[in-house]
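Peer 1: Structure supplied as entry17.tsv; contents: TSV, C-alpha atoms and all ligand atoms.
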chain	number	residue	atom	x	y	z
A	273	MET	CA	-38.52	59.70	337.64
A	274	LYS	CA	-37.01	59.96	334.13
A	275	LEU	CA	-35.95	63.51	334.80
A	276	GLY	CA	-34.32	62.38	338.05
A	277	LYS	CA	-32.28	59.75	336.19
A	278	LEU	CA	-31.19	62.27	333.58
A	279	THR	CA	-30.06	64.74	336.24
A	280	LEU	CA	-28.15	61.97	337.99
A	281	SER	CA	-26.37	60.83	334.83
A	282	LEU	CA	-25.52	64.43	333.93
A	283	PHE	CA	-24.16	64.90	337.42
A	284	VAL	CA	-22.02	61.73	337.17
A	285	ALA	CA	-20.76	62.80	333.74
A	286	ALA	CA	-19.79	66.18	335.14
A	287	ILE	CA	-17.83	64.56	337.97
A	288	VAL	CA	-16.05	62.15	335.60
A	289	THR	CA	-15.12	65.03	333.30
A	290	THR	CA	-13.84	67.08	336.22
A	291	ILE	CA	-11.75	64.20	337.56
A	292	SER	CA	-10.21	63.33	334.19
A	293	PHE	CA	-9.57	66.99	333.53
A	294	ALA	CA	-7.84	67.32	336.89
A	295	ALA	CA	-5.81	64.19	336.21
A	296	THR	CA	-4.53	65.40	332.85
A	297	LYS	CA	-3.85	68.94	334.00
A	298	THR	CA	-0.10	69.30	334.12
A	299	ILE	CA	2.22	72.10	335.10
A	300	LYS	CA	4.89	72.78	332.55
A	301	ASP	CA	8.42	72.64	333.91
A	302	ASP	CA	9.13	76.12	332.64
A	303	SER	CA	6.40	77.58	334.82
A	304	ILE	CA	7.43	76.01	338.13
A	305	GLY	CA	10.17	78.42	339.07
A	306	LEU	CA	10.30	82.19	339.11
A	307	ARG	CA	12.65	82.02	336.15
A	308	GLN	CA	9.97	80.83	333.69
A	309	ASP	CA	12.55	78.70	331.95
A	310	THR	CA	12.90	74.99	331.39
A	311	LEU	CA	14.51	73.24	334.31
A	312	PHE	CA	15.91	70.47	332.05
A	313	SER	CA	18.64	72.61	330.52
A	314	GLU	CA	20.28	74.09	333.57
A	315	ASP	CA	23.65	73.75	331.88
A	316	LYS	CA	22.70	76.51	329.45
A	317	VAL	CA	21.47	78.86	332.15
A	318	VAL	CA	23.97	81.58	332.87
A	319	SER	CA	23.19	84.23	335.43
A	320	ASP	CA	24.58	87.67	334.86
A	321	GLU	CA	27.71	88.79	336.57
A	322	THR	CA	27.42	90.28	340.04
A	323	LYS	CA	28.39	93.91	339.66
A	324	TYR	CA	28.28	96.00	342.78
A	325	GLY	CA	28.24	99.78	342.53
A	326	THR	CA	31.64	101.39	342.16
A	327	ASP	CA	30.71	104.90	343.30
A	328	PRO	CA	32.99	105.69	346.23
A	329	ALA	CA	31.62	106.36	349.73
A	330	GLY	CA	30.71	110.02	349.71
A	331	GLY	CA	29.90	109.96	346.01
A	332	SER	CA	27.12	107.39	345.84
A	333	THR	CA	23.34	107.82	345.80
A	334	LYS	CA	21.42	106.31	348.71
A	335	ILE	CA	18.97	103.53	347.86
A	336	LYS	CA	15.35	103.90	349.02
A	337	ARG	CA	14.44	101.61	351.92
A	338	ALA	CA	12.76	98.37	350.86
A	339	PHE	CA	10.16	98.67	353.63
A	340	GLU	CA	9.73	100.54	356.88
A	341	ASN	CA	12.78	99.99	359.09
A	342	ALA	CA	14.48	97.70	356.60
A	343	PRO	CA	18.26	97.70	356.93
A	344	PRO	CA	19.42	100.12	354.22
A	345	MET	CA	21.42	98.69	351.31
A	346	ILE	CA	25.03	99.84	350.99
A	347	PRO	CA	25.02	102.28	348.04
A	348	HIS	CA	28.80	102.75	347.79
A	349	ASP	CA	31.83	100.69	346.85
A	350	THR	CA	33.01	98.38	349.63
A	351	GLU	CA	36.32	97.52	347.94
A	352	GLY	CA	38.93	96.91	350.63
A	353	MET	CA	36.36	97.11	353.48
A	354	LEU	CA	35.22	93.49	353.49
A	355	PRO	CA	35.40	91.10	355.17
A	356	ILE	CA	35.00	92.91	358.47
A	357	THR	CA	37.39	91.49	361.04
A	358	ILE	CA	37.71	91.98	364.76
A	359	ASP	CA	40.67	94.31	364.20
A	360	ASN	CA	39.38	96.05	361.10
A	361	ASN	CA	35.87	97.45	360.86
A	362	GLN	CA	36.12	100.41	358.53
A	363	CYS	CA	32.35	100.90	358.45
A	364	THR	CA	32.43	102.37	361.93
A	365	ALA	CA	35.18	104.82	360.92
A	366	CYS	CA	32.64	106.76	358.84
A	367	HIS	CA	29.30	105.68	360.31
A	368	ASP	CA	30.07	106.12	364.02
A	369	PRO	CA	27.62	108.81	365.19
A	370	ALA	CA	30.56	110.85	366.51
A	371	VAL	CA	31.98	111.34	363.00
A	372	ALA	CA	29.17	110.42	360.59
A	373	GLU	CA	27.85	113.91	360.06
A	374	SER	CA	31.25	115.30	359.15
A	375	MET	CA	31.71	112.39	356.71
A	376	GLY	CA	28.28	112.90	355.12
A	377	ALA	CA	27.37	109.34	356.18
A	378	THR	CA	24.17	108.17	357.90
A	379	PRO	CA	24.99	107.69	361.59
A	380	ILE	CA	24.64	104.19	363.02
A	381	PRO	CA	21.19	104.31	364.71
A	382	LYS	CA	20.45	104.02	368.43
A	383	SER	CA	19.11	100.48	367.95
A	384	HIS	CA	22.70	99.36	367.29
A	385	PHE	CA	23.79	100.83	370.62
A	386	THR	CA	21.13	98.88	372.48
A	387	SER	CA	21.10	95.43	373.98
A	388	PHE	CA	17.93	93.46	373.33
A	389	ARG	CA	19.34	90.45	375.12
A	390	GLU	CA	19.09	89.74	378.80
A	391	ALA	CA	22.48	89.24	380.45
A	392	VAL	CA	22.83	85.57	381.30
A	393	ALA	CA	25.68	83.35	382.40
A	394	ILE	CA	26.36	79.71	381.66
A	395	ALA	CA	26.01	77.51	384.74
A	396	LYS	CA	28.45	74.67	385.45
A	397	ASP	CA	26.07	72.11	383.93
A	398	GLY	CA	25.77	74.10	380.71
A	399	ASN	CA	22.33	75.51	381.40
A	400	LEU	CA	21.65	79.24	381.29
A	401	GLU	CA	21.74	81.15	384.55
A	402	ARG	CA	19.68	84.27	385.16
A	403	ASP	CA	19.98	86.24	388.39
A	404	GLY	CA	21.88	83.28	389.84
A	405	LYS	CA	18.99	80.95	388.97
A	406	GLU	CA	19.19	78.30	386.29
A	407	VAL	CA	16.66	78.48	383.48
A	408	ALA	CA	15.93	75.49	381.28
A	409	ASN	CA	16.31	77.10	377.87
A	410	SER	CA	16.43	80.42	376.09
A	411	SER	CA	12.65	80.63	375.75
A	412	ASP	CA	12.63	81.63	379.41
A	413	LEU	CA	14.63	84.74	378.59
A	414	LYS	CA	12.96	88.10	378.78
A	415	PRO	CA	13.37	90.60	375.96
A	416	ILE	CA	14.95	93.79	377.24
A	417	ILE	CA	15.87	97.19	375.81
A	418	LYS	CA	19.04	98.33	377.48
A	419	PRO	CA	20.96	101.33	376.08
A	420	LEU	CA	24.70	100.65	375.79
A	421	ASP	CA	27.55	103.16	375.73
A	422	HIS	CA	29.17	101.19	372.90
A	423	LEU	CA	28.16	99.44	369.66
A	424	SER	CA	26.35	96.21	370.48
A	425	ASN	CA	28.48	93.16	369.62
A	426	ALA	CA	25.42	91.79	367.82
A	427	ARG	CA	25.80	94.67	365.33
A	428	PHE	CA	29.55	94.50	364.80
A	429	ASN	CA	29.37	92.52	361.57
A	430	CYS	CA	27.54	95.15	359.50
A	431	SER	CA	27.55	93.07	356.32
A	432	ALA	CA	25.45	90.37	358.00
A	433	CYS	CA	22.48	92.69	357.50
A	434	HIS	CA	23.61	95.48	355.16
A	435	ALA	CA	24.54	94.47	351.65
A	436	PRO	CA	25.57	96.18	348.45
A	437	GLN	CA	23.30	95.76	345.45
A	438	SER	CA	24.02	94.31	342.03
A	439	ASN	CA	21.90	95.44	339.10
A	440	SER	CA	20.78	92.22	337.44
A	441	VAL	CA	18.62	91.98	334.34
A	442	ASN	CA	17.69	88.35	335.05
A	443	VAL	CA	15.84	88.81	338.32
A	444	PRO	CA	12.08	88.30	338.27
A	445	LYS	CA	9.96	91.42	338.55
A	446	ASN	CA	9.37	92.43	342.15
A	447	ASN	CA	5.73	93.33	342.68
A	448	PHE	CA	6.18	94.21	346.33
A	449	ALA	CA	5.19	97.78	347.07
A	450	PRO	CA	6.11	99.00	350.53
A	451	GLU	CA	3.83	101.24	352.54
A	452	PHE	CA	5.54	103.71	354.80
A	453	ARG	CA	3.51	105.13	357.65
A	454	SER	CA	5.19	108.47	357.10
A	455	SER	CA	6.97	109.56	353.94
A	456	ASP	CA	10.32	110.32	355.63
A	457	LEU	CA	10.63	106.65	356.62
A	458	ASN	CA	11.62	105.68	353.11
A	459	ASP	CA	15.07	107.07	353.73
A	460	LYS	CA	15.54	106.86	357.49
A	461	SER	CA	14.70	104.50	360.31
A	462	ASN	CA	12.96	104.95	363.65
A	463	LEU	CA	13.02	101.39	364.94
A	464	ILE	CA	14.17	102.26	368.45
A	465	ASP	CA	11.08	104.47	368.92
A	466	VAL	CA	8.59	101.85	367.74
A	467	VAL	CA	10.28	98.58	368.70
A	468	THR	CA	7.76	97.83	371.45
A	469	GLU	CA	4.75	98.60	369.23
A	470	GLY	CA	2.20	95.85	369.56
A	471	VAL	CA	4.05	94.20	372.45
A	472	LYS	CA	2.04	93.79	375.63
F	501	LIG	C1	34.86	106.46	353.83
F	501	LIG	C2	33.66	106.53	354.64
F	501	LIG	C3	32.73	105.32	354.62
F	501	LIG	C4	33.04	104.01	354.89
F	501	LIG	C5	34.40	103.40	355.22
F	501	LIG	C6	31.80	103.28	354.82
F	501	LIG	N1	30.77	104.13	354.52
F	501	LIG	FE1	28.82	103.64	354.27
F	501	LIG	N2	28.38	105.52	353.67
F	501	LIG	C7	29.27	106.58	353.65
F	501	LIG	C8	28.61	107.74	353.10
F	501	LIG	C9	29.25	109.10	352.90
F	501	LIG	C10	27.28	107.35	352.77
F	501	LIG	C11	26.16	108.19	352.12
F	501	LIG	C12	26.12	107.91	350.64
F	501	LIG	C13	27.29	108.53	349.93
F	501	LIG	O1	27.51	109.75	350.08
F	501	LIG	O2	28.05	107.79	349.24
F	501	LIG	C14	27.19	105.95	353.16
F	501	LIG	C15	26.03	105.20	353.04
F	501	LIG	C16	25.87	103.94	353.61
F	501	LIG	C17	24.61	103.25	353.76
F	501	LIG	C18	23.25	103.76	353.33
F	501	LIG	C19	22.63	104.58	354.44
F	501	LIG	C20	21.29	105.14	354.09
F	501	LIG	O3	20.84	106.05	354.83
F	501	LIG	O4	20.66	104.70	353.12
F	501	LIG	C21	24.87	102.07	354.37
F	501	LIG	C22	23.88	100.99	354.75
F	501	LIG	C23	26.29	102.00	354.58
F	501	LIG	N3	26.89	103.15	354.11
F	501	LIG	C24	26.92	100.95	355.18
F	501	LIG	C25	28.30	100.81	355.26
F	501	LIG	C26	28.98	99.61	355.65
F	501	LIG	C27	28.30	98.33	356.09
F	501	LIG	C28	30.32	99.87	355.58
F	501	LIG	C29	31.46	98.91	355.82
F	501	LIG	C30	31.49	97.75	354.92
F	501	LIG	C31	30.47	101.26	355.16
F	501	LIG	N4	29.22	101.78	354.95
F	501	LIG	C32	31.68	101.92	355.03
F	501	LIG	C33	30.58	106.54	354.08
F	501	LIG	C34	31.30	105.39	354.38
F	502	LIG	C1	21.56	92.33	362.91
F	502	LIG	C2	21.41	93.12	361.71
F	502	LIG	C3	22.23	94.40	361.60
F	502	LIG	C4	23.58	94.57	361.79
F	502	LIG	C5	24.61	93.53	362.16
F	502	LIG	C6	23.83	95.97	361.52
F	502	LIG	N1	22.67	96.60	361.16
F	502	LIG	FE1	22.48	98.55	360.65
F	502	LIG	N2	20.46	98.33	360.54
F	502	LIG	C7	19.78	97.15	360.69
F	502	LIG	C8	18.35	97.41	360.61
F	502	LIG	C9	17.24	96.37	360.73
F	502	LIG	C10	18.21	98.80	360.40
F	502	LIG	C11	16.91	99.61	360.28
F	502	LIG	C12	16.19	99.69	361.61
F	502	LIG	C13	17.00	100.31	362.70
F	502	LIG	O1	17.27	101.54	362.67
F	502	LIG	O2	17.47	99.58	363.59
F	502	LIG	C14	19.56	99.35	360.35
F	502	LIG	C15	19.83	100.68	360.12
F	502	LIG	C16	21.12	101.18	359.89
F	502	LIG	C17	21.40	102.51	359.39
F	502	LIG	C18	20.37	103.59	359.02
F	502	LIG	C19	20.09	104.49	360.21
F	502	LIG	C20	19.04	105.55	359.95
F	502	LIG	O3	18.91	106.45	360.80
F	502	LIG	O4	18.32	105.49	358.97
F	502	LIG	C21	22.78	102.60	359.29
F	502	LIG	C22	23.56	103.80	358.83
F	502	LIG	C23	23.32	101.33	359.72
F	502	LIG	N3	22.29	100.50	360.08
F	502	LIG	C24	24.67	101.05	359.74
F	502	LIG	C25	25.21	99.87	360.27
F	502	LIG	C26	26.63	99.64	360.46
F	502	LIG	C27	27.72	100.59	360.05
F	502	LIG	C28	26.74	98.39	361.03
F	502	LIG	C29	28.01	97.71	361.51
F	502	LIG	C30	28.77	98.46	362.53
F	502	LIG	C31	25.40	97.83	361.13
F	502	LIG	N4	24.50	98.78	360.70
F	502	LIG	C32	25.09	96.56	361.61
F	502	LIG	C33	20.33	95.92	360.90
F	502	LIG	C34	21.67	95.69	361.21
Show this structure as C-alpha cells.
Peer 2:
Amino acid sequence: MKLGKLTLSLFVAAIVTTISFAATKTIKDDSIGLRQDTLFSEDKVVSDETKYGTDPAGGSTKIKRAFENAPPMIPHDTEGMLPITIDNNQCTACHDPAVAESMGATPIPKSHFTSFREAVAIAKDGNLERDGKEVANSSDLKPIIKPLDHLSNARFNCSACHAPQSNSVNVPKNNFAPEFRSSDLNDKSNLIDVVTEGVK
C-alpha cells in the first residue's frame, strides 16, 4: 500500500515537472526563421545585392539541374532580353531547335512543343464546352499529350520557369541532394518520355 502511494506521488511529480517544463520552454526569436537572426531588428537586416551572371550567351557555364527534369537555370547574361514581349522573344532566336545546335545552345525540348491541355471552348453562359457539350468546371477536363508544330503558348514566357541565378552569401545552406535515375539527367531532360509515368 505504502509503495503504491509512493509510486503514485512520484508519477504525479513527474507529470507536474513535465507540464511546467513544457510551459516554460520557449523558442528564441532568432531560431524561428531560416535566417537564425533576431526578428526584432529587421531594420538592420540587409540582404546582399542580386548579381546575376554576366557571362554572355555562348560563353557561360551551364548549371547542374536541381533535380530530375527541373527547368534548367539560365547560366548566361539576359541583359536586353527581358522582359519577353509578344513581339520580342529573343530566347527562341537561339534556343529554337532549328538553330540551337549551330548556336551551341540547348534546344527547347519536345515538351514545349506539346499541348497538355484539352481544346475547349467557352459556351454562351460562360461554362466550358468540350466536344459541343458543356462541362461544369475544369476538373472535368482530360489531360492530353498532343504534339504541336509550334511552340506551345503556355511556354512562350520562358522566364516564368527559367531564371538566372544570383550568388548570395546570405542564403541558408541547402541540404537537398537530388537523386537522378541516370547520371546524364543532371544536365538534360527527358520529361516528354516519362510524363505519363505512374499515371493509370
Ligand atoms: C544569343 C543566343 C542566346 C539567347 C538570345 C538566349 N540564350 Fe540561353 N543559352 C545560349 C547558349 C549558347 C547556352 C549554353 C551555355 C553557354 O554557352 O553560354 C544557353 C543556355 C541556356 C540555358 C541552360 C540550358 C541547360 O542545358 O542547362 C537556359 C535555361 C537558357 N539558356 C534559357 C534562355 C532564356 C530563357 C533566354 C531568353 C531570356 C535565353 N536563354 C536567351 C544562347 C542563348
Ligand atoms: C511552364 C514552365 C516553362 C516555360 C514557360 C518554359 N520552360 Fe523550358 N523547361 C521547363 C521544364 C520543367 C523543363 C525540364 C523538363 C522538360 O524537358 O520539359 C524545361 C526544359 C528546358 C530546356 C532544357 C532541355 C533539355 O533537353 O535539357 C530548355 C533549353 C528550355 N526549357 C528552354 C525554354 C525556353 C527558351 C522557353 C521559352 C520559349 C521555355 N523553356 C519555357 C519549364 C518551362
Peer 1: In Å, rounded to a single decimal, give me how far CA of Ala435 (chain A) is from atom C34 of ligand LIG 502 (chain F).
Peer 2: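 We find that atom C34 of ligand LIG 502 (chain F) and CA of Ala435 (chain A) lie 10.1 Å from each other.
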Peer 1: For each of A:Pro369, A:Pro450, A:Gly352, A:Gly325, take the minimum atom-to-atom distance to His422 (chain A), counting all atoms listed in the file, then give the residue where this is smallest.
Peer 2: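 The answer is A:Pro369, which sits nearest to His422 (chain A).
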Peer 1: List all protein, DNA and RNA residues that have any atom at most 10 Å from ligand LIG 502 (chain F), counting only C-alpha atoms and all ligand atoms, and write the list as a PyMOL selection string.
Peer 2: chain A and resi 337+339-346+356+361-369+372+377-386+423-435+456-467
Peer 1: Between atom C14 of ligand LIG 501 (chain F) and CA of Ser374 (chain A), what distance in Å does the model show, to one decimal?
Peer 2: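 Computing it gives 11.8 Å between the two atoms.
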Peer 1: Between atom C23 of ligand LIG 501 (chain F) and CA of Ile358 (chain A), what distance in Å does the model show, to one decimal?
Peer 2: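 Value for the atom C23 of ligand LIG 501 (chain F)-CA of Ile358 (chain A) distance: 18.3 Å.
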Peer 1: Which of these, A:Ala449, A:Val443, A:Ile416, A:Val317, has the shortest distance to Thr468 (chain A) once you count only C-alpha atoms?
Peer 2: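 That would be A:Ile416, the residue with the smallest distance to Thr468 (chain A).
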Peer 1: Write out as a PyMOL selection string the residues lying within 12 Å of Asn442 (chain A), counting only C-alpha atoms and excluding same-chain residues fewer than 6 positions away.
Peer 2: chain A and resi 306-309+317-322
Peer 1: Which residue out of A:Ser303, A:Thr298, A:Thr357, A:Thr333 has the minimum interatomic distance to ligand LIG 501 (chain F) when all atoms listed in the file are used?
Peer 2: A:Thr333
Peer 1: Using only C-alpha atoms, which of the listed residues (A:Asp349, A:Asp302, A:Gln437, A:Arg389) sits closest to Lys414 (chain A)?
Peer 2: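 Closest to Lys414 (chain A), using only C-alpha atoms: A:Arg389.
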Peer 1: I'd like the neighbourhood of Ser387 (chain A) as a VMD selection string, where a residue qualifies if any of its atoms comes within 7 Å (using all atoms listed in the file), though same-chain residues fewer than 5 positions away should be ignored.
Peer 2: chain A and resid 417 to 420 424
Peer 1: I need the residues from that last selection saved to file as a PDB file, in the coordinates of the input (with C-alpha atoms), if you can.
Peer 2:
ATOM      1  CA  ILE A 417      15.870  97.190 375.810  1.00  0.00           C
ATOM      2  CA  LYS A 418      19.040  98.330 377.480  1.00  0.00           C
ATOM      3  CA  PRO A 419      20.960 101.330 376.080  1.00  0.00           C
ATOM      4  CA  LEU A 420      24.700 100.650 375.790  1.00  0.00           C
ATOM      5  CA  SER A 424      26.350  96.210 370.480  1.00  0.00           C
TER       6      SER A 424
END
Peer 1: Which is closer to ligand LIG 501 (chain F) than all the others in A:Met353, A:Leu311, A:Val371, A:Val441, using all atoms listed in the file?
Peer 2: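 Once distances to ligand LIG 501 (chain F) are computed over all atoms listed in the file, the minimum belongs to A:Met353.
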Peer 1: Measuring atom to atom with all atoms listed in the file, identify which of A:Ser440, A:Asp397, A:Thr296, A:Val471 is nearest to Tyr324 (chain A).
Peer 2: A:Ser440
Peer 1: Need the axis-aligned box for region 444-458 of chain A with 3 Å each side, so what are the centre and edges in Å to one decimal, as JSON?
Peer 2:
{"center_x": 7.8, "center_y": 99.3, "center_z": 348.0, "size_x": 14.6, "size_y": 28.0, "size_z": 25.4}
Peer 1: Quick one: residues within 12 Å of Ile394 (chain A), all atoms listed in the file counted, chain neighbours fewer than 3 positions away excluded, as a PyMOL selection string?
Peer 2: chain A and resi 391+397-410
Peer 1: Because the input lacks atoms here, generate all heavy atoms for region 374-385 of chain A and report them as a PDB file, in the frame of the given file.
Peer 2:
ATOM      1  N   SER A 374      30.143 114.637 359.845  1.00  0.00           N
ATOM      2  CA  SER A 374      31.250 115.300 359.150  1.00  0.00           C
ATOM      3  C   SER A 374      31.673 114.518 357.910  1.00  0.00           C
ATOM      4  O   SER A 374      32.276 115.073 356.987  1.00  0.00           O
ATOM      5  CB  SER A 374      32.438 115.491 360.093  1.00  0.00           C
ATOM      6  OG  SER A 374      32.924 114.229 360.506  1.00  0.00           O
ATOM      7  N   MET A 375      31.356 113.207 357.868  1.00  0.00           N
ATOM      8  CA  MET A 375      31.710 112.390 356.710  1.00  0.00           C
ATOM      9  C   MET A 375      30.575 112.376 355.674  1.00  0.00           C
ATOM     10  O   MET A 375      30.717 111.799 354.609  1.00  0.00           O
ATOM     11  CB  MET A 375      31.964 110.925 357.117  1.00  0.00           C
ATOM     12  CG  MET A 375      33.015 110.720 358.186  1.00  0.00           C
ATOM     13  SD  MET A 375      34.665 111.237 357.702  1.00  0.00           S
ATOM     14  CE  MET A 375      35.057 110.076 356.431  1.00  0.00           C
ATOM     15  N   GLY A 376      29.433 112.941 356.031  1.00  0.00           N
ATOM     16  CA  GLY A 376      28.280 112.900 355.120  1.00  0.00           C
ATOM     17  C   GLY A 376      27.605 111.538 355.111  1.00  0.00           C
ATOM     18  O   GLY A 376      26.827 111.217 354.219  1.00  0.00           O
ATOM     19  N   ALA A 377      27.928 110.702 356.116  1.00  0.00           N
ATOM     20  CA  ALA A 377      27.370 109.340 356.180  1.00  0.00           C
ATOM     21  C   ALA A 377      26.205 109.284 357.174  1.00  0.00           C
ATOM     22  O   ALA A 377      26.140 110.087 358.103  1.00  0.00           O
ATOM     23  CB  ALA A 377      28.460 108.366 356.606  1.00  0.00           C
ATOM     24  N   THR A 378      25.294 108.341 356.960  1.00  0.00           N
ATOM     25  CA  THR A 378      24.170 108.170 357.900  1.00  0.00           C
ATOM     26  C   THR A 378      24.726 107.588 359.201  1.00  0.00           C
ATOM     27  O   THR A 378      25.430 106.581 359.166  1.00  0.00           O
ATOM     28  CB  THR A 378      23.131 107.175 357.312  1.00  0.00           C
ATOM     29  OG1 THR A 378      22.885 107.530 355.952  1.00  0.00           O
ATOM     30  CG2 THR A 378      21.845 107.177 358.105  1.00  0.00           C
ATOM     31  N   PRO A 379      24.449 108.235 360.340  1.00  0.00           N
ATOM     32  CA  PRO A 379      24.990 107.690 361.590  1.00  0.00           C
ATOM     33  C   PRO A 379      24.375 106.337 361.940  1.00  0.00           C
ATOM     34  O   PRO A 379      23.209 106.082 361.644  1.00  0.00           O
ATOM     35  CB  PRO A 379      24.591 108.734 362.645  1.00  0.00           C
ATOM     36  CG  PRO A 379      23.846 109.804 361.967  1.00  0.00           C
ATOM     37  CD  PRO A 379      23.641 109.439 360.537  1.00  0.00           C
ATOM     38  N   ILE A 380      25.159 105.469 362.548  1.00  0.00           N
ATOM     39  CA  ILE A 380      24.640 104.190 363.020  1.00  0.00           C
ATOM     40  C   ILE A 380      23.530 104.510 364.032  1.00  0.00           C
ATOM     41  O   ILE A 380      23.731 105.330 364.929  1.00  0.00           O
ATOM     42  CB  ILE A 380      25.766 103.360 363.704  1.00  0.00           C
ATOM     43  CG1 ILE A 380      26.906 103.100 362.709  1.00  0.00           C
ATOM     44  CG2 ILE A 380      25.217 102.051 364.259  1.00  0.00           C
ATOM     45  CD1 ILE A 380      28.133 102.426 363.303  1.00  0.00           C
ATOM     46  N   PRO A 381      22.332 103.917 363.865  1.00  0.00           N
ATOM     47  CA  PRO A 381      21.190 104.310 364.710  1.00  0.00           C
ATOM     48  C   PRO A 381      21.289 103.784 366.142  1.00  0.00           C
ATOM     49  O   PRO A 381      22.083 102.890 366.432  1.00  0.00           O
ATOM     50  CB  PRO A 381      19.996 103.671 363.987  1.00  0.00           C
ATOM     51  CG  PRO A 381      20.574 102.492 363.272  1.00  0.00           C
ATOM     52  CD  PRO A 381      21.975 102.861 362.899  1.00  0.00           C
ATOM     53  N   LYS A 382      20.456 104.374 367.002  1.00  0.00           N
ATOM     54  CA  LYS A 382      20.450 104.020 368.430  1.00  0.00           C
ATOM     55  C   LYS A 382      20.211 102.536 368.668  1.00  0.00           C
ATOM     56  O   LYS A 382      20.718 101.960 369.617  1.00  0.00           O
ATOM     57  CB  LYS A 382      19.359 104.820 369.162  1.00  0.00           C
ATOM     58  CG  LYS A 382      19.783 106.212 369.527  1.00  0.00           C
ATOM     59  CD  LYS A 382      18.862 106.767 370.618  1.00  0.00           C
ATOM     60  CE  LYS A 382      19.157 108.228 370.881  1.00  0.00           C
ATOM     61  NZ  LYS A 382      17.967 109.064 370.773  1.00  0.00           N
ATOM     62  N   SER A 383      19.417 101.914 367.774  1.00  0.00           N
ATOM     63  CA  SER A 383      19.110 100.480 367.950  1.00  0.00           C
ATOM     64  C   SER A 383      20.363  99.632 367.996  1.00  0.00           C
ATOM     65  O   SER A 383      20.379  98.561 368.600  1.00  0.00           O
ATOM     66  CB  SER A 383      18.208  99.995 366.813  1.00  0.00           C
ATOM     67  OG  SER A 383      18.850 100.205 365.569  1.00  0.00           O
ATOM     68  N   HIS A 384      21.455 100.120 367.339  1.00  0.00           N
ATOM     69  CA  HIS A 384      22.700  99.360 367.290  1.00  0.00           C
ATOM     70  C   HIS A 384      23.543  99.577 368.545  1.00  0.00           C
ATOM     71  O   HIS A 384      24.537  98.918 368.755  1.00  0.00           O
ATOM     72  CB  HIS A 384      23.509  99.728 366.045  1.00  0.00           C
ATOM     73  CG  HIS A 384      22.839  99.408 364.737  1.00  0.00           C
ATOM     74  ND1 HIS A 384      21.476  99.349 364.577  1.00  0.00           N
ATOM     75  CD2 HIS A 384      23.354  99.127 363.504  1.00  0.00           C
ATOM     76  CE1 HIS A 384      21.185  99.046 363.318  1.00  0.00           C
ATOM     77  NE2 HIS A 384      22.303  98.910 362.656  1.00  0.00           N
ATOM     78  N   PHE A 385      23.110 100.554 369.339  1.00  0.00           N
ATOM     79  CA  PHE A 385      23.790 100.830 370.620  1.00  0.00           C
ATOM     80  C   PHE A 385      22.862 100.408 371.757  1.00  0.00           C
ATOM     81  O   PHE A 385      22.767 101.085 372.780  1.00  0.00           O
ATOM     82  CB  PHE A 385      24.153 102.312 370.729  1.00  0.00           C
ATOM     83  CG  PHE A 385      25.216 102.745 369.756  1.00  0.00           C
ATOM     84  CD1 PHE A 385      24.881 103.107 368.462  1.00  0.00           C
ATOM     85  CD2 PHE A 385      26.564 102.741 370.110  1.00  0.00           C
ATOM     86  CE1 PHE A 385      25.847 103.478 367.535  1.00  0.00           C
ATOM     87  CE2 PHE A 385      27.544 103.116 369.195  1.00  0.00           C
ATOM     88  CZ  PHE A 385      27.182 103.478 367.907  1.00  0.00           C
TER      89      PHE A 385
END
